[in-house]
file data_23.cif (mmCIF, C-alpha atoms)
data_structure
loop_
_atom_site.label_atom_id
_atom_site.label_comp_id
_atom_site.auth_asym_id
_atom_site.auth_seq_id
_atom_site.Cartn_x
_atom_site.Cartn_y
_atom_site.Cartn_z
CA MET A 124 -13.26 2.54 -28.47
CA LYS A 125 -15.19 3.80 -25.45
CA SER A 126 -15.62 0.25 -24.16
CA LYS A 127 -11.87 -0.42 -24.55
CA ALA A 128 -10.96 2.76 -22.64
CA LYS A 129 -13.40 1.81 -19.88
CA LYS A 130 -11.85 -1.64 -19.64
CA ILE A 131 -8.35 -0.13 -19.35
CA ILE A 132 -9.50 2.24 -16.59
CA ASN A 133 -11.11 -0.60 -14.67
CA THR A 134 -7.92 -2.67 -14.94
CA ILE A 135 -5.79 0.21 -13.66
CA VAL A 136 -8.18 0.78 -10.75
CA ASP A 137 -8.10 -2.92 -9.87
CA ILE A 138 -4.28 -2.94 -9.86
CA ILE A 139 -4.19 0.13 -7.60
CA VAL A 140 -6.67 -1.50 -5.23
CA VAL A 141 -4.59 -4.68 -5.01
CA LEU A 142 -1.51 -2.60 -4.18
CA ILE A 143 -3.43 -0.68 -1.50
CA LEU A 144 -4.72 -3.91 0.02
CA VAL A 145 -1.19 -5.37 0.08
CA VAL A 146 0.14 -2.23 1.79
CA SER A 147 -2.74 -2.34 4.28
CA VAL A 148 -2.04 -5.96 5.19
CA LEU A 149 1.67 -5.20 5.59
CA MET A 150 0.91 -2.23 7.83
CA VAL A 151 -1.35 -4.33 10.03
CA ILE A 152 1.27 -7.09 10.30
CA LEU A 153 4.00 -4.57 11.10
CA SER A 154 1.82 -2.98 13.78
CA LEU A 155 1.08 -6.32 15.41
CA THR A 156 4.70 -7.48 15.36
CA THR A 157 5.84 -4.21 16.95
CA LYS A 158 4.09 -5.22 20.17
CA SER A 159 5.89 -8.57 20.37
CA SER A 160 9.41 -7.73 19.18
CA GLY A 161 9.70 -4.00 19.79
CA VAL A 162 10.21 -3.19 16.13
CA PRO A 163 7.89 -3.62 13.14
CA ASN A 164 8.94 -6.73 11.24
CA LEU A 165 7.86 -9.27 8.69
CA PHE A 166 9.14 -12.84 9.01
CA GLY A 167 11.91 -11.64 11.31
CA TYR A 168 13.07 -8.75 9.13
CA ALA A 169 12.34 -5.14 9.99
CA PRO A 170 12.08 -2.34 7.39
CA MET A 171 13.22 0.88 9.06
CA ASN A 172 13.45 4.44 7.82
CA VAL A 173 16.61 6.45 8.41
CA ALA A 174 15.87 9.94 9.74
CA SER A 175 19.37 11.38 10.22
CA TYR A 176 22.72 11.85 8.50
CA SER A 177 24.67 10.00 11.20
CA MET A 178 25.47 6.93 9.07
CA GLU A 179 26.49 8.63 5.84
CA PRO A 180 27.93 7.63 3.43
CA THR A 181 27.04 4.01 4.30
CA ILE A 182 23.37 4.83 4.83
CA ASN A 183 21.79 8.10 3.75
CA LYS A 184 19.00 10.03 5.34
CA GLY A 185 15.69 8.96 3.82
CA ASP A 186 16.83 5.42 3.00
CA LEU A 187 14.72 2.40 3.89
CA ILE A 188 16.98 -0.26 5.41
CA LEU A 189 16.25 -3.93 6.02
CA CYS A 190 17.32 -5.22 9.42
CA GLU A 191 17.28 -8.67 10.96
CA VAL A 192 15.39 -8.72 14.25
CA THR A 193 17.87 -9.88 16.93
CA ASN A 194 16.27 -8.89 20.23
CA ASP A 195 17.81 -11.89 21.98
CA ILE A 196 19.93 -11.53 25.12
CA GLY A 197 22.12 -14.40 23.89
CA TYR A 198 22.88 -12.88 20.48
CA GLU A 199 26.56 -12.05 19.97
CA TYR A 200 27.56 -9.07 17.87
CA LYS A 201 30.96 -8.14 16.56
CA VAL A 202 32.87 -5.02 15.56
CA ASP A 203 31.55 -3.42 12.34
CA ASP A 204 28.03 -4.79 12.81
CA ILE A 205 25.48 -2.03 12.24
CA VAL A 206 22.81 -2.36 14.90
CA THR A 207 19.57 -0.68 15.92
CA PHE A 208 18.69 0.18 19.50
CA PRO A 209 16.10 2.40 21.23
CA ILE A 210 16.99 5.90 22.38
CA GLU A 211 14.98 8.75 23.85
CA ILE A 212 14.95 12.18 22.19
CA ASP A 213 13.04 15.01 23.91
CA GLY A 214 11.01 12.48 25.88
CA VAL A 215 10.03 10.49 22.80
CA GLN A 216 11.36 6.98 22.24
CA THR A 217 12.75 6.27 18.80
CA TYR A 218 15.40 4.02 17.26
CA ASN A 219 19.01 4.73 16.41
CA THR A 220 21.15 2.75 13.98
CA HIS A 221 24.94 2.94 14.50
CA ARG A 222 28.00 0.80 13.92
CA ILE A 223 29.69 -1.23 16.67
CA VAL A 224 33.23 0.12 17.01
CA GLU A 225 34.34 -1.81 20.08
CA VAL A 226 33.32 -4.86 22.11
CA ILE A 227 34.02 -4.63 25.85
CA GLU A 228 33.80 -7.47 28.39
CA ASP A 229 33.20 -6.36 31.95
CA ASP A 230 32.30 -8.65 34.85
CA GLY A 231 30.84 -11.29 32.56
CA ILE A 232 28.72 -8.79 30.62
CA THR A 233 29.40 -7.88 27.00
CA TYR A 234 29.04 -4.20 26.14
CA TYR A 235 29.01 -2.75 22.64
CA LYS A 236 30.33 0.73 21.96
CA THR A 237 28.60 2.32 18.95
CA GLN A 238 29.25 5.30 16.72
CA GLY A 239 27.83 6.78 13.55
CA ASP A 240 29.90 6.54 10.36
CA ASN A 241 29.52 10.27 9.70
CA LYS A 242 32.40 11.69 11.71
CA ASP A 243 31.22 15.25 11.08
CA THR A 244 28.04 14.69 13.08
CA ASN A 245 29.40 11.90 15.30
CA PRO A 246 33.06 12.71 16.01
CA ILE A 247 33.09 10.50 19.12
CA ALA A 248 31.46 7.23 20.13
CA ASP A 249 28.00 7.19 21.68
CA GLU A 250 28.04 7.94 25.40
CA GLU A 251 25.79 5.03 26.36
CA MET A 252 26.99 1.52 25.49
CA GLN A 253 24.59 -1.21 24.41
CA THR A 254 24.11 -4.87 25.34
CA SER A 255 22.42 -7.79 23.61
CA ALA A 256 19.35 -7.00 25.70
CA SER A 257 19.09 -3.44 24.36
CA ILE A 258 19.90 -4.09 20.69
CA VAL A 259 16.79 -5.01 18.72
CA ALA A 260 18.04 -5.50 15.14
CA LYS A 261 21.08 -5.77 12.88
CA TYR A 262 21.43 -4.17 9.45
CA THR A 263 21.54 -6.75 6.64
CA GLY A 264 23.28 -4.49 4.14
CA LYS A 265 20.16 -4.15 1.98
CA LYS A 266 18.50 -0.78 1.50
CA ILE A 267 16.21 1.13 -0.83
CA ALA A 268 17.25 4.72 -1.37
CA GLY A 269 14.82 7.56 -0.87
CA ILE A 270 11.63 5.82 0.31
CA GLY A 271 12.34 5.69 4.04
CA ASN A 272 10.55 8.98 4.74
CA PHE A 273 7.46 7.79 2.86
CA PHE A 274 7.47 4.52 4.78
CA GLY A 275 7.73 6.43 8.03
CA PHE A 276 4.91 8.74 6.95
CA ILE A 277 2.42 5.98 6.08
CA ARG A 278 3.01 4.47 9.53
CA THR A 279 1.60 7.64 11.10
CA GLN A 280 -2.15 8.04 11.58
CA LEU A 281 -2.36 10.82 8.97
CA GLY A 282 -0.21 8.91 6.48
CA PHE A 283 -2.21 5.70 6.92
CA PHE A 284 -5.45 7.60 6.35
CA LEU A 285 -4.23 9.49 3.26
CA CYS A 286 -2.31 6.62 1.65
CA VAL A 287 -4.43 3.62 2.60
CA LEU A 288 -7.88 4.36 4.06
CA LEU A 289 -8.85 7.27 1.79
CA PRO A 290 -7.96 5.46 -1.47
CA MET A 291 -9.89 2.41 -0.24
CA ILE A 292 -12.95 4.54 0.55
CA LEU A 293 -12.78 6.15 -2.91
CA PHE A 294 -12.42 2.71 -4.49
CA PHE A 295 -15.50 1.33 -2.71
CA VAL A 296 -17.50 4.38 -3.84
CA TYR A 297 -16.27 3.85 -7.40
CA GLU A 298 -17.11 0.14 -7.24
CA ALA A 299 -20.60 0.90 -5.89
CA ILE A 300 -21.25 3.27 -8.79
CA ARG A 301 -19.87 0.72 -11.26
CA VAL A 302 -22.11 -2.02 -9.87
CA ILE A 303 -25.18 0.21 -10.11
CA MET A 304 -24.35 1.20 -13.71
CA ASN A 305 -23.77 -2.44 -14.68
CA LEU A 306 -27.04 -3.44 -13.02
CA LEU A 307 -28.97 -0.76 -14.91
CA ALA A 308 -27.35 -1.78 -18.17
CA TYR A 309 -28.15 -5.44 -17.48
CA ASN A 310 -31.79 -4.67 -16.70
CA LYS A 311 -32.09 -2.63 -19.89
CA GLU A 312 -30.57 -5.39 -22.02
CA LYS A 313 -32.79 -7.95 -20.30
CA ALA A 314 -35.93 -5.87 -20.98
CA ILE A 315 -35.02 -5.49 -24.65
CA ALA A 316 -34.33 -9.21 -24.97
CA GLU A 317 -37.67 -10.08 -23.33
CA ALA A 318 -39.49 -7.66 -25.64
CA LYS A 319 -37.88 -9.20 -28.73
CA GLU A 320 -38.72 -12.66 -27.52
CA ALA A 321 -42.32 -11.66 -26.88
CA VAL A 322 -42.66 -10.28 -30.41
CA GLN A 323 -41.09 -13.36 -31.96
CA THR A 324 -43.29 -15.77 -30.03
CA ALA A 325 -46.49 -13.74 -30.28
CA GLU A 326 -49.35 -15.28 -32.30
CA LEU A 327 -50.88 -12.49 -34.39
CA THR A 328 -53.96 -12.79 -36.55
CA GLU A 329 -53.87 -11.78 -40.19
CA GLU A 330 -55.92 -8.71 -39.30
CA GLN A 331 -53.42 -7.70 -36.58
CA LYS A 332 -50.54 -8.24 -38.95
CA GLN A 333 -52.25 -6.13 -41.62
CA ARG A 334 -52.98 -3.37 -39.10
CA ALA A 335 -49.37 -3.40 -37.94
CA ILE A 336 -48.20 -3.08 -41.53
CA GLU A 337 -50.60 -0.20 -42.19
CA GLU A 338 -49.50 1.62 -39.04
CA TYR A 339 -45.87 1.11 -40.00
CA LEU A 340 -46.48 2.45 -43.53
CA ALA A 341 -48.42 5.37 -42.08
CA SER A 342 -45.58 6.23 -39.76
CA LEU A 343 -43.20 6.16 -42.69
CA GLY A 344 -45.50 8.49 -44.61
CA GLN A 345 -45.69 10.92 -41.69
CA ASN A 346 -41.92 10.92 -41.41
CA SER A 347 -41.64 11.58 -45.15
CA ASP A 348 -44.12 14.49 -44.98
CA SER A 349 -42.32 16.07 -42.05
CA GLU A 350 -39.01 15.82 -43.89
CA ASN A 351 -40.50 17.48 -47.00
CA LYS A 352 -41.80 20.33 -44.89
#
call {"tool": "encode", "arguments": {"input": "data_23.cif", "output": "structure tokens"}}
result
Amino acid sequence: MKSKAKKIINTIVDIIVVLILVVSVLMVILSLTTKSSGVPNLFGYAPMNVASYSMEPTINKGDLILCEVTNDIGYEYKVDDIVTFPIEIDGVQTYNTHRIVEVIEDDGITYYKTQGDNKDTNPIADEEMQTSASIVAKYTGKKIAGIGNFFGFIRTQLGFFLCVLLPMILFFVYEAIRVIMNLLAYNKEKAIAEAKEAVQTAELTEEQKQRAIEEYLASLGQNSDSENK
């Protein structure tokens, strides 16, 4: 029973480790692709967390949305496309995701007027219009509700440490202890097996055999006397 429970625990730990390693690899890939495309992406698709209510009810705050990376000056957008573009808030650059409500041609340049779907928070269109050069991604219509904040958190230094590095450190400590325990158990089993083999292959004289029997009988007698007392 104990061995079965230990096996189950080890399996669970291994599954958790695989998940952590997968998340770690994804985080590394997303970090590297951010430098080249401007947004974290995997195979041309960028998972992005929504931090405001501006696109409700289409997209809710805290959702994780999947966007197609389109940072190409020749890409043509149309009305109703939901696009992502960089903005600056209090001196910090972040990304905003709004819907294109109008396409304007001016002097050979195409401008896109954007606005959030939530008319309570965005009653008018955004003041600054976007171009194909400024838009970095387009919403694919796919989202996962409620995990955007967590995704955003694990991309921070603290989140990466708590959710990825710390569990990996604890796993390696656990694995080191498990290896040591298995090694000790193996050495013990090996010593017992060698002792049994030595006894089985040993050539004893009749006198040694008789002495061993007498000592064994004597030990039984001592055990019997101690029990009677």
call {"tool": "resolve_selection", "arguments": {"input": "data_23.cif", "expression": "the PyMOL selection byres ((chain A and resi 257) around 9)", "output": "list in words"}}
result
Asn194, Asp195, Ile196, Thr207, Phe208, Pro209, Gln253, Thr254, Ser255, Ala256, Ile258 and Val259 of chain A
call {"tool": "closest_residue", "arguments": {"input": "data_23.cif", "among": "A:Ile267, A:Leu307, A:Leu281, A:Ile210", "to": "A:Ile182", "atoms": "all atoms listed in the file"}}
result
A:Ile267
call {"tool": "atom_distance", "arguments": {"input": "data_23.cif", "atom1": "atom CA of A:Ile212", "atom2": "atom CA of A:Met178"}}
result
17.6 Å
call {"tool": "residues_around", "arguments": {"input": "data_23.cif", "residues": "stretch 269-275 of chain A", "least_positions_apart": "4", "cutoff": "9 Å", "atoms": "all atoms listed in the file", "output": "PyMOL selection string"}}
result
chain A and resi 170-174+183-188+279+282
call {"tool": "atom_distance", "arguments": {"input": "data_23.cif", "atom1": "atom CA of A:Val224", "atom2": "atom CA of A:Thr237"}}
result
5.5 Å
call {"tool": "axis_aligned_box", "arguments": {"input": "data_23.cif", "around": "stretch 129-141 of chain A", "padding_each_side": "8 Å", "output": "AutoDock Vina command-line options"}}
result
--center_x -8.8 --center_y -1.2 --center_z -12.4 --size_x 25.2 --size_y 22.9 --size_z 30.9
call {"tool": "residues_around", "arguments": {"input": "data_23.cif", "residues": "A:Gly264", "least_positions_apart": "3", "cutoff": "9 Å", "atoms": "only C-alpha atoms", "output": "MDAnalysis selection string"}}
result
chainID A and resid 188:190 205
call {"tool": "closest_residue", "arguments": {"input": "data_23.cif", "among": "A:Ser126, A:Asn310, A:Gln216, A:Ser147", "to": "A:Leu289", "atoms": "only C-alpha atoms"}}
result
A:Ser147
